[in-house]
Structures are given as C-alpha cells and as structure tokens.
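Below is start-v4.cif, which holds mmCIF, C-alpha atoms.
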```
data_input
#
loop_
_atom_site.label_atom_id
_atom_site.label_comp_id
_atom_site.auth_asym_id
_atom_site.auth_seq_id
_atom_site.Cartn_x
_atom_site.Cartn_y
_atom_site.Cartn_z
CA MET U 100 0.00 0.00 0.00
CA SER U 101 1.11 3.57 -0.71
CA ASP U 102 2.59 5.48 2.22
CA LYS U 103 1.29 8.77 0.82
CA VAL U 104 -1.03 10.90 2.99
CA THR U 105 -2.82 14.10 1.97
CA VAL U 106 -3.83 17.18 3.96
CA LEU U 107 -6.37 19.72 2.72
CA VAL U 108 -5.70 22.75 3.31
CA ALA U 109 -2.44 24.59 4.15
CA GLY U 110 -3.54 26.84 7.02
CA SER U 111 -1.82 26.77 10.41
CA TRP U 112 -3.61 23.65 11.71
CA GLY U 113 -3.41 21.78 8.41
CA THR U 114 0.30 22.52 8.15
CA ALA U 115 0.87 21.44 11.75
CA LEU U 116 -0.89 18.12 11.16
CA ALA U 117 1.12 17.65 7.96
CA THR U 118 4.25 18.04 10.10
CA VAL U 119 3.06 15.29 12.46
CA LEU U 120 2.29 13.02 9.53
CA ALA U 121 5.66 13.76 7.90
CA ALA U 122 7.37 12.17 10.92
CA ASN U 123 5.43 8.94 10.30
CA HIS U 124 5.10 8.71 6.50
CA SER U 125 7.39 9.08 3.52
CA GLU U 126 5.18 11.46 1.50
CA VAL U 127 2.75 14.07 2.78
CA TYR U 128 0.95 16.16 0.18
CA LEU U 129 -0.41 19.51 1.33
CA TRP U 130 -3.06 21.09 -0.91
CA THR U 131 -3.53 24.85 -1.20
CA ARG U 132 -5.39 27.12 -3.60
CA LYS U 133 -2.48 29.60 -3.66
CA PRO U 134 0.44 28.97 -6.07
CA GLU U 135 2.71 31.33 -4.12
CA GLN U 136 2.07 29.43 -0.89
CA ALA U 137 2.81 26.10 -2.59
CA ALA U 138 6.05 27.51 -3.99
CA GLU U 139 7.13 28.78 -0.56
CA ILE U 140 6.46 25.42 1.10
CA ASN U 141 8.30 23.47 -1.61
CA GLU U 142 11.28 25.79 -2.01
CA ALA U 143 11.83 27.43 1.39
CA HIS U 144 10.06 24.76 3.48
CA THR U 145 8.18 27.47 5.37
CA ASN U 146 4.57 28.67 5.64
CA HIS U 147 5.40 32.08 7.04
CA HIS U 148 1.95 33.66 7.03
CA PHE U 149 0.47 30.96 9.26
CA LEU U 150 3.49 29.60 11.16
CA PRO U 151 6.30 32.19 11.12
CA GLY U 152 9.76 30.99 12.02
CA ILE U 153 8.98 27.28 11.54
CA LYS U 154 11.02 25.07 9.20
CA LEU U 155 8.87 22.34 7.67
CA PRO U 156 10.05 18.78 6.93
CA GLY U 157 11.32 18.23 3.40
CA ASN U 158 8.90 15.37 2.69
CA ILE U 159 5.91 17.76 2.77
CA ILE U 160 5.02 18.49 -0.83
CA ALA U 161 2.61 21.34 -1.58
CA THR U 162 0.42 21.49 -4.68
CA THR U 163 -2.54 23.46 -6.02
CA ASP U 164 -3.78 20.47 -8.05
CA MET U 165 -6.35 18.36 -6.19
CA GLU U 166 -5.79 15.26 -8.32
CA THR U 167 -2.03 15.37 -7.71
CA ALA U 168 -2.63 15.87 -3.99
CA VAL U 169 -5.07 12.99 -3.57
CA SER U 170 -4.29 10.31 -6.14
CA GLY U 171 -2.65 7.28 -4.55
CA SER U 172 -3.13 8.49 -0.96
CA LYS U 173 -4.15 6.04 1.72
CA ALA U 174 -5.71 8.82 3.81
CA VAL U 175 -7.03 12.35 3.36
CA VAL U 176 -7.12 14.78 6.29
CA ILE U 177 -9.45 17.74 5.72
CA VAL U 178 -8.67 20.86 7.74
CA ALA U 179 -10.69 23.50 5.87
CA PRO U 180 -12.46 26.33 7.71
CA SER U 181 -16.09 25.41 8.40
CA SER U 182 -17.28 28.02 5.90
CA GLY U 183 -15.26 26.38 3.12
CA MET U 184 -15.66 22.72 4.08
CA ARG U 185 -18.43 21.89 1.60
CA GLN U 186 -16.52 23.41 -1.31
CA VAL U 187 -13.32 21.55 -0.42
CA ALA U 188 -15.16 18.23 -0.01
CA HIS U 189 -16.93 18.83 -3.32
CA SER U 190 -13.56 19.42 -5.02
CA LEU U 191 -12.24 16.21 -3.47
CA LYS U 192 -15.14 14.05 -4.69
CA PRO U 193 -13.89 13.29 -8.27
CA PHE U 194 -10.65 11.85 -6.90
CA TRP U 195 -12.10 10.16 -3.82
CA LYS U 196 -11.76 6.38 -3.45
CA GLU U 197 -13.82 4.37 -0.97
CA ASP U 198 -10.73 2.68 0.47
CA MET U 199 -9.22 6.04 1.48
CA LEU U 200 -9.42 6.88 5.17
CA CYS U 201 -11.09 10.29 5.62
CA ILE U 202 -10.37 12.38 8.73
CA HIS U 203 -11.44 15.93 9.47
CA ALA U 204 -10.00 18.26 12.10
CA THR U 205 -12.28 21.30 11.79
CA LYS U 206 -14.12 22.63 14.84
CA GLY U 207 -17.31 24.32 13.72
CA PHE U 208 -20.68 24.10 11.98
CA GLU U 209 -21.94 25.01 8.53
CA THR U 210 -23.76 28.22 9.43
CA GLU U 211 -26.53 28.07 6.83
CA THR U 212 -27.61 24.51 7.61
CA MET U 213 -26.39 24.11 11.24
CA LYS U 214 -24.79 20.82 10.13
CA ARG U 215 -21.67 19.26 11.64
CA MET U 216 -18.60 18.88 9.46
CA SER U 217 -18.90 15.08 9.25
CA THR U 218 -22.41 15.54 7.84
CA VAL U 219 -21.23 18.08 5.27
CA ILE U 220 -18.34 15.87 4.13
CA SER U 221 -20.44 12.71 3.92
CA GLU U 222 -23.06 14.52 1.83
CA GLU U 223 -20.45 15.69 -0.65
CA LEU U 224 -18.50 12.41 -0.84
CA GLY U 225 -21.61 10.22 -0.86
CA CYS U 226 -20.55 8.12 2.12
CA GLY U 227 -21.96 7.58 5.61
CA GLU U 228 -21.23 9.99 8.46
CA GLY U 229 -19.72 7.08 10.36
CA ASP U 230 -17.13 6.70 7.59
CA ILE U 231 -15.61 10.04 8.61
CA VAL U 232 -13.17 10.18 11.55
CA VAL U 233 -13.08 13.34 13.68
CA LEU U 234 -9.77 14.54 15.18
CA SER U 235 -10.01 16.96 18.11
CA GLY U 236 -8.47 17.89 21.44
CA PRO U 237 -6.13 20.49 23.02
CA SER U 238 -3.67 21.12 20.21
CA HIS U 239 -2.45 24.59 19.27
CA ALA U 240 -0.72 24.45 15.88
CA GLU U 241 2.08 26.69 17.15
CA GLU U 242 3.06 24.05 19.73
CA VAL U 243 2.44 20.95 17.60
CA VAL U 244 4.95 22.10 14.95
CA ARG U 245 7.56 22.63 17.68
CA LEU U 246 7.05 19.00 18.77
CA CYS U 247 5.64 19.97 22.17
CA PRO U 248 3.92 16.94 23.74
CA THR U 249 0.31 16.94 22.52
CA THR U 250 -2.58 14.54 23.11
CA VAL U 251 -5.72 14.35 20.97
CA VAL U 252 -8.66 12.05 20.31
CA VAL U 253 -9.93 10.51 17.06
CA ALA U 254 -13.60 9.52 16.98
CA SER U 255 -15.78 7.34 14.80
CA PRO U 256 -18.57 4.86 15.50
CA ASP U 257 -16.52 2.53 13.29
CA GLU U 258 -13.78 1.42 15.69
CA SER U 259 -11.58 0.11 12.87
CA ARG U 260 -11.51 3.53 11.22
CA ALA U 261 -10.72 5.26 14.51
CA LYS U 262 -7.84 2.85 15.13
CA ALA U 263 -6.55 3.39 11.59
CA ALA U 264 -6.53 7.16 12.21
CA GLN U 265 -4.79 6.59 15.54
CA GLY U 266 -2.06 4.61 13.79
CA LEU U 267 -1.68 7.28 11.12
CA PHE U 268 -0.83 10.06 13.59
CA ILE U 269 0.52 8.60 16.82
CA ASN U 270 4.21 9.06 17.67
CA ASN U 271 6.37 10.06 20.64
CA ASP U 272 5.31 13.72 20.42
CA PHE U 273 1.67 13.28 19.40
CA ARG U 274 -0.38 10.84 21.47
CA VAL U 275 -3.76 9.78 20.10
CA TYR U 276 -6.71 8.16 21.88
CA THR U 277 -9.80 6.69 20.21
CA ASN U 278 -13.46 7.36 21.02
CA ARG U 279 -16.65 5.99 19.44
CA ASP U 280 -18.68 9.12 20.27
CA GLN U 281 -18.19 11.02 17.01
CA LEU U 282 -21.13 13.32 17.78
CA GLY U 283 -19.88 14.33 21.22
CA VAL U 284 -16.30 14.92 20.06
CA GLU U 285 -17.50 17.09 17.19
CA LEU U 286 -19.91 19.10 19.34
CA ALA U 287 -17.33 19.63 22.10
CA GLY U 288 -14.70 20.84 19.64
CA ALA U 289 -17.05 23.37 18.10
CA LEU U 290 -18.92 24.65 21.17
CA LYS U 291 -15.87 25.25 23.36
CA ASN U 292 -14.89 28.09 20.98
CA ILE U 293 -17.90 30.06 22.25
CA ILE U 294 -16.75 29.73 25.84
CA ALA U 295 -13.21 30.70 24.77
CA LEU U 296 -14.63 33.92 23.30
CA GLY U 297 -16.31 34.52 26.65
CA ALA U 298 -13.05 33.89 28.52
CA GLY U 299 -11.35 36.44 26.30
CA LEU U 300 -14.13 38.93 26.97
CA SER U 301 -13.70 38.39 30.70
CA ASP U 302 -9.94 38.93 30.50
CA GLY U 303 -10.41 41.97 28.26
CA LEU U 304 -12.68 43.45 30.91
CA GLY U 305 -10.03 42.75 33.55
CA PHE U 306 -12.21 40.47 35.65
CA GLY U 307 -9.44 38.11 36.79
CA ASP U 308 -9.10 34.41 37.45
CA ASN U 309 -12.20 33.86 39.60
CA ALA U 310 -14.51 35.01 36.84
CA LYS U 311 -12.74 32.97 34.19
CA ALA U 312 -12.76 29.80 36.29
CA ALA U 313 -16.50 30.18 36.83
CA LEU U 314 -17.06 30.86 33.15
CA LEU U 315 -15.16 27.72 32.09
CA THR U 316 -16.95 25.55 34.65
CA ARG U 317 -20.43 26.76 33.77
CA GLY U 318 -19.49 26.78 30.09
CA LEU U 319 -18.62 23.11 30.24
CA ALA U 320 -21.97 22.41 31.91
CA GLU U 321 -23.68 24.32 29.10
CA ILE U 322 -21.84 22.40 26.39
CA SER U 323 -22.65 19.10 28.10
CA ARG U 324 -26.31 20.01 28.48
CA VAL U 325 -26.90 20.66 24.79
CA GLY U 326 -24.60 17.79 23.75
CA VAL U 327 -26.53 15.23 25.79
CA GLU U 328 -29.81 16.60 24.45
CA MET U 329 -28.47 15.97 20.92
CA GLY U 330 -27.47 12.39 21.80
CA ALA U 331 -23.81 12.61 22.84
CA ASN U 332 -22.20 10.63 25.66
CA PRO U 333 -21.84 12.97 28.68
CA LEU U 334 -18.44 11.44 29.53
CA THR U 335 -16.99 12.79 26.27
CA PHE U 336 -17.25 16.32 27.64
CA SER U 337 -14.93 15.42 30.51
CA GLY U 338 -12.29 14.19 28.06
CA LEU U 339 -9.75 15.68 25.68
CA ALA U 340 -12.26 17.04 23.18
CA GLY U 341 -14.32 18.63 25.97
CA LEU U 342 -12.55 19.77 29.11
CA GLY U 343 -9.06 19.46 27.59
CA ASP U 344 -9.75 21.58 24.52
CA LEU U 345 -11.84 24.06 26.50
CA VAL U 346 -9.00 24.77 28.93
CA VAL U 347 -6.36 25.32 26.27
CA THR U 348 -8.58 27.41 23.98
CA ALA U 349 -9.92 29.61 26.76
CA THR U 350 -6.60 30.30 28.52
CA SER U 351 -3.93 30.59 25.82
CA GLN U 352 -2.84 33.61 23.81
CA HIS U 353 -2.33 31.21 20.88
CA SER U 354 -6.13 30.93 20.74
CA ARG U 355 -7.77 33.07 18.06
CA ASN U 356 -11.09 32.84 19.90
CA TRP U 357 -9.56 34.03 23.19
CA ARG U 358 -7.74 36.87 21.42
CA ALA U 359 -10.88 37.98 19.59
CA GLY U 360 -12.86 37.94 22.84
CA SER U 361 -10.15 39.89 24.64
CA MET U 362 -10.17 42.62 22.01
CA LEU U 363 -13.97 42.83 22.18
CA GLY U 364 -13.76 43.08 25.97
CA GLN U 365 -11.37 46.01 25.57
CA GLY U 366 -13.95 47.82 23.47
CA GLN U 367 -12.90 47.12 19.89
CA PRO U 368 -15.80 46.71 17.41
CA LEU U 369 -16.28 43.23 15.93
CA ASN U 370 -15.43 44.27 12.37
CA GLU U 371 -12.10 45.74 13.51
CA VAL U 372 -11.33 42.62 15.53
CA LEU U 373 -11.93 40.37 12.53
CA ASP U 374 -9.86 42.61 10.22
CA SER U 375 -6.92 42.53 12.62
CA MET U 376 -7.00 38.75 13.17
CA GLY U 377 -6.17 37.77 9.58
CA MET U 378 -7.45 34.22 10.18
CA VAL U 379 -10.83 32.58 10.77
CA VAL U 380 -12.33 32.90 14.26
CA GLU U 381 -14.59 29.83 14.29
CA GLY U 382 -16.28 30.74 17.57
CA ILE U 383 -18.13 33.68 16.01
CA ARG U 384 -19.96 31.55 13.43
CA THR U 385 -20.42 28.81 16.01
CA THR U 386 -22.11 31.20 18.43
CA GLU U 387 -24.72 32.02 15.81
CA VAL U 388 -25.42 28.34 15.14
CA ALA U 389 -25.43 27.29 18.81
CA TYR U 390 -27.86 30.08 19.69
CA ALA U 391 -30.24 28.81 16.99
CA ILE U 392 -29.81 25.21 18.19
CA SER U 393 -30.59 26.18 21.79
CA LEU U 394 -33.84 27.84 20.69
CA LYS U 395 -34.76 24.90 18.47
CA LEU U 396 -34.17 22.31 21.21
CA GLY U 397 -35.39 24.44 24.09
CA VAL U 398 -32.08 23.98 25.94
CA GLN U 399 -30.75 26.76 28.15
CA MET U 400 -27.35 28.09 27.04
CA PRO U 401 -27.06 31.34 29.01
CA ILE U 402 -23.40 32.06 28.21
CA THR U 403 -23.96 31.43 24.52
CA ASP U 404 -27.07 33.62 24.65
CA GLN U 405 -25.15 36.57 26.11
CA ILE U 406 -22.19 36.20 23.73
CA TYR U 407 -24.62 36.02 20.80
CA HIS U 408 -26.16 39.33 21.88
CA VAL U 409 -22.71 40.92 22.25
CA LEU U 410 -21.61 39.77 18.80
CA PHE U 411 -24.78 40.33 16.82
CA LYS U 412 -27.19 42.53 18.80
CA GLY U 413 -25.04 45.32 20.16
CA ARG U 414 -25.07 44.35 23.84
CA THR U 415 -22.01 45.56 25.72
CA PRO U 416 -19.76 42.93 27.31
CA ARG U 417 -20.29 44.48 30.75
CA ASN U 418 -24.07 44.32 30.40
CA ALA U 419 -23.78 40.69 29.32
CA VAL U 420 -21.84 39.87 32.50
CA GLU U 421 -24.45 41.67 34.61
CA ALA U 422 -27.19 39.62 32.96
CA LEU U 423 -25.36 36.35 33.71
CA MET U 424 -24.66 37.28 37.32
CA GLY U 425 -28.25 38.39 37.88
CA ARG U 426 -29.94 35.19 36.70
CA ASP U 427 -32.40 33.34 38.93
CA ARG U 428 -30.97 31.12 41.66
CA LYS U 429 -30.15 27.58 40.51
CA THR U 430 -28.84 24.30 41.88
CA GLU U 431 -25.43 23.39 40.49
CA MET U 432 -26.29 19.85 39.43
CA GLU U 433 -29.32 20.63 37.27
CA ALA U 434 -27.29 20.68 34.04
CA ILE U 435 -27.60 16.97 33.37
CA SER U 436 -30.12 14.72 35.09
CA GLN U 437 -29.06 11.68 37.09
CA GLU U 438 -31.22 9.58 34.78
CA THR U 439 -29.07 10.62 31.82
CA TRP U 440 -25.87 9.50 33.54
CA GLU U 441 -27.46 6.22 34.56
CA GLN U 442 -28.57 5.62 30.97
CA TRP U 443 -24.99 5.95 29.70
CA HIS U 444 -23.53 3.85 32.52
CA SER U 445 -25.99 0.98 31.99
#
```
Rendering of file as structure tokens:
Amino acid sequence: MSDKVTVLVAGSWGTALATVLAANHSEVYLWTRKPEQAAEINEAHTNHHFLPGIKLPGNIIATTDMETAVSGSKAVVIVAPSSGMRQVAHSLKPFWKEDMLCIHATKGFETETMKRMSTVISEELGCGEGDIVVLSGPSHAEEVVRLCPTTVVVASPDESRAKAAQGLFINNDFRVYTNRDQLGVELAGALKNIIALGAGLSDGLGFGDNAKAALLTRGLAEISRVGVEMGANPLTFSGLAGLGDLVVTATSQHSRNWRAGSMLGQGQPLNEVLDSMGMVVEGIRTTEVAYAISLKLGVQMPITDQIYHVLFKGRTPRNAVEALMGRDRKTEMEAISQETWEQWHS
C-alpha cells in the first residue's frame, strides 16, 4: 500500500498536522489554492503567514492540483475552515476512493444549515457519516509544529476507522486516543470556541481568574447540556475534546477565539477585531449556530445567549456579565439529570 497521505488545506492547523504526519510517513501532500504558498512550502520549506519561524520537513510536498494531492493516498485529512468545508469536499469528490481513510480536524458548523462537518463531508462524498473520523483535542498548531507533547482524540462509531486514524498520527510527540462518540467529540470541539470567546471577553474586561474559572466551569456544563440533548455521551465532555480543549482554547494567547474575545472586551468593534486577526475565528460563526440550536431544542445556554447578543445585537460585554450574574438562583447539578448519567452507565 502507498505510504502517501494528503492534507487539505495549508492553514496553520493543516500545516501542523502535515508536520506530524511527515514524521510517520514518507510522502505528505499539502493542498492549497495559492500557487505562491505552494512555492514557498516546496522551495523554502516554510509557511510564514500561518506559522512564522517554523522550518517544515522536506517530505511535505505542496500542490494546487487536487488530483495530484489525492491520487494514490491512503488517507485524506481535511482541515478546511467550516465556511469552506463543503466546497473543499466537493472538489475532493472526483478523486475520492472508498478505500481512502477520511479524517477531518475542523471545529465548527456550517452556518446556513447548522450541520456538523462530518455531515457536510459525507453529503459531498456520498458516504456515511460514520465513515468520517473526527480529530479533536487540546492542540495549538504553534506548539504541535515545535514538537511539544500533545494529546488528541480521534472519533468514529466505526472502531476500525478510529484505530486506523490513531495509527496514522501517533508518535512520541503526538499521542492519540480513540473514542466511538463522534457526535460528542464534534460538538465539544465546536462549542468550546464560544466559551473561549467569553473567557477572552472576561480577560479583556479585567475580571481576573475567579470570573474565568466560573465561566469555564459553567461553560462546560452548558456544552454538556446541549450535547446530551443531541445524543452525545456525557463522559466525552470530561475528556480531551471537551474539558481538555476548553481549557487550552480559553486560557492561551495562541487561541484566536480568546484573542478575539479579549479585544472585544477592551472595546474594539467586531469588524475591527476580525480585520486585525487575519485568520478565521470559528467561535463567532459557532455562536450564531449554537444560539439557533438552543432555541430549536429548548435547551438553556445562558453564556452562549449573552455572547450572541454581544456579537450580533449590540449588547455591551459588561451588560452581558451583569445579565449572567443576575440570573435566577439555581442548583449546580441541574445541568444533566441523574437519569441521563445512569442511561450511559448501563
């Protein structure tokens, strides 16, 4: 079998995953739409716009031709922004083979349809959602490319596919666990970006560690509440894709979502924040989708509700905090019923 692996596309996270794969496989093809980016990767072995100062392995080969990128690969890893996922999967379709392992590592929803990325990809490729493996967990690209110890999870209801993805990536610097709860892993990876925006807002307002700790704790309860309502295993939200990714995304200056929230908390308008970022902030689109999901399912997501009103309805961050602190008195354990936990333990 070919040892070739393909990554679509050449952003910071896609390039970082290509670097992991290059340590395990002889050929890693990295697809990009931009000829100048492909030339830089092939000639200088850098991707300066996304990962400045990083030298890439020589066995990463960049190309703008989808057929060249995919033909003969044993696995395709899709790392497109959520807004471009359908188009990338559609472009992949003519060269897709059923025996190729398909993994995606994108944390978001398709805004117009509120669909998860595995749904979008399966619709375009004409395969089942369970044929797609989801990769998620606490994994900043800036640290992965420097070979900092990183641990992630790969999820699919098809255990053989999850184990194949585990074998594709795992090495001494990049530890990989498997999980059969594809839905929960995907939801956790997307929804934690909303809470990371909130953590940035809190820091931008200068509220300190107490406020942020409370926000992360109640944010995790909120994510778990809607996830369980949608059919996910509650234990997934205590794992790498849930608690692990939430902590790193909500506390690190590498996090685009935290940085965007921090700038908003300091009073910068959303359009100026987005212009200054230069990269996709998935949490903003995800907030819009999660707010709609909460209304559709009748599930309380108070943090998401307030961040939605800050982003899209002109509410000030300080007023949003006042609204959260002034909510009716609650019991802490009402987020998930005991019956739900018993159902999953039985």
Per residue of segment 258-375 of chain U within 9 Å of segment 416-427 of chain U, which atom pair is closest and at what distance in Å (one decimal), using all atoms listed in the file, listed by chain and increasing number, as CSV?
```
residue,atom,partner,partner_atom,distance
U:Leu300,CA,U:Pro416,CA,6.9
U:Ser301,CA,U:Pro416,CA,8.3
U:Leu304,CA,U:Arg417,CA,7.7
U:Leu363,CA,U:Pro416,CA,7.7
U:Gly364,CA,U:Pro416,CA,6.1
U:Gly366,CA,U:Pro416,CA,8.5
```
Got a sec: who's within 12 Å of Ser375 of chain U, counting only C-alpha atoms, leaving out chain neighbours fewer than 3 positions off, as a short mmCIF file (atom, residue, chain, number, x, y, z; two decimals) with C-alpha atoms, in the coordinates of the input?
```cif
data_model
loop_
_atom_site.label_atom_id
_atom_site.label_comp_id
_atom_site.auth_asym_id
_atom_site.auth_seq_id
_atom_site.Cartn_x
_atom_site.Cartn_y
_atom_site.Cartn_z
CA ARG U 355 -7.77 33.07 18.06
CA ARG U 358 -7.74 36.87 21.42
CA ALA U 359 -10.88 37.98 19.59
CA MET U 362 -10.17 42.62 22.01
CA LEU U 363 -13.97 42.83 22.18
CA GLN U 367 -12.90 47.12 19.89
CA PRO U 368 -15.80 46.71 17.41
CA LEU U 369 -16.28 43.23 15.93
CA ASN U 370 -15.43 44.27 12.37
CA GLU U 371 -12.10 45.74 13.51
CA VAL U 372 -11.33 42.62 15.53
CA MET U 378 -7.45 34.22 10.18
CA VAL U 379 -10.83 32.58 10.77
CA VAL U 380 -12.33 32.90 14.26
#
```
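Listed by chain and then by number, the residues chosen by the PyMOL selection byres ((chain U and resi 353) around 12) in this file are Ser111, Trp112, Phe149, Leu150, Pro237, Ser238, His239, Ala240, Glu241, Glu242, Val243, Ala295, Gly299, Val347, Thr348, Ala349, Thr350, Ser351, Gln352, Ser354, Arg355, Asn356, Trp357, Arg358, Ala359 and Met376 of chain U.
Residue nearest Ala261 of chain U within the list U:Ala389, U:Leu282, U:Ile231, U:Leu129: U:Ile231 [criterion: smallest interatomic distance, only C-alpha atoms].
The interatomic distance for the pair atom CA of His147 of chain U and atom CA of Ile293 of chain U works out to 27.9 Å.
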**Message:** If the PyMOL selection byres ((chain U and resi 103) around 12) were run on this exact file, what residues would it hold? Put them as a PyMOL selection string.
**Reply:** chain U and resi 100-102+104-106+117+120-121+123-129+158-160+167-176+199-200+267
Atom pair atom CA of Thr162 of chain U + atom CA of Val244 of chain U, distance 20.2 Å
Write out as a PyMOL selection string which residues come within 8 Å of Leu224 of chain U when counting all atoms listed in the file, dropping same-chain ones fewer than 5 positions away.
chain U and resi 188-189+191-192+195
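Picture a line from atom CA of Asn292 of chain U to atom CA of Asp344 of chain U; it runs 9.0 Å.
Using all atoms listed in the file, the nearest neighbour of Gly113 of chain U within the list U:Gly236, U:Pro180, U:Gly377, U:Gly326 is U:Pro180.
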Segment 211-223 of chain U: which residues within 10 Å, counting only C-alpha atoms, same-chain residues fewer than 2 positions away excluded, as a PyMOL selection string? chain U and resi 177+179-182+184-192+201-209+225-233+281-282+285-286+289+384-385+387-389+391-392
Discussion item. Neighbouring residues of Ala143 of chain U were defined as those with any atom within 12 Å, considering only C-alpha atoms; residues of the same chain fewer than 5 positions away were excluded. Please report them as a ChimeraX atom specification.
Written reply: /U:135-138,152-157,159-161
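Among the candidates U:Thr430, U:Ile322, U:Glu142, U:Gln365, the one nearest to Phe306 of chain U when counting all atoms listed in the file is U:Gln365.
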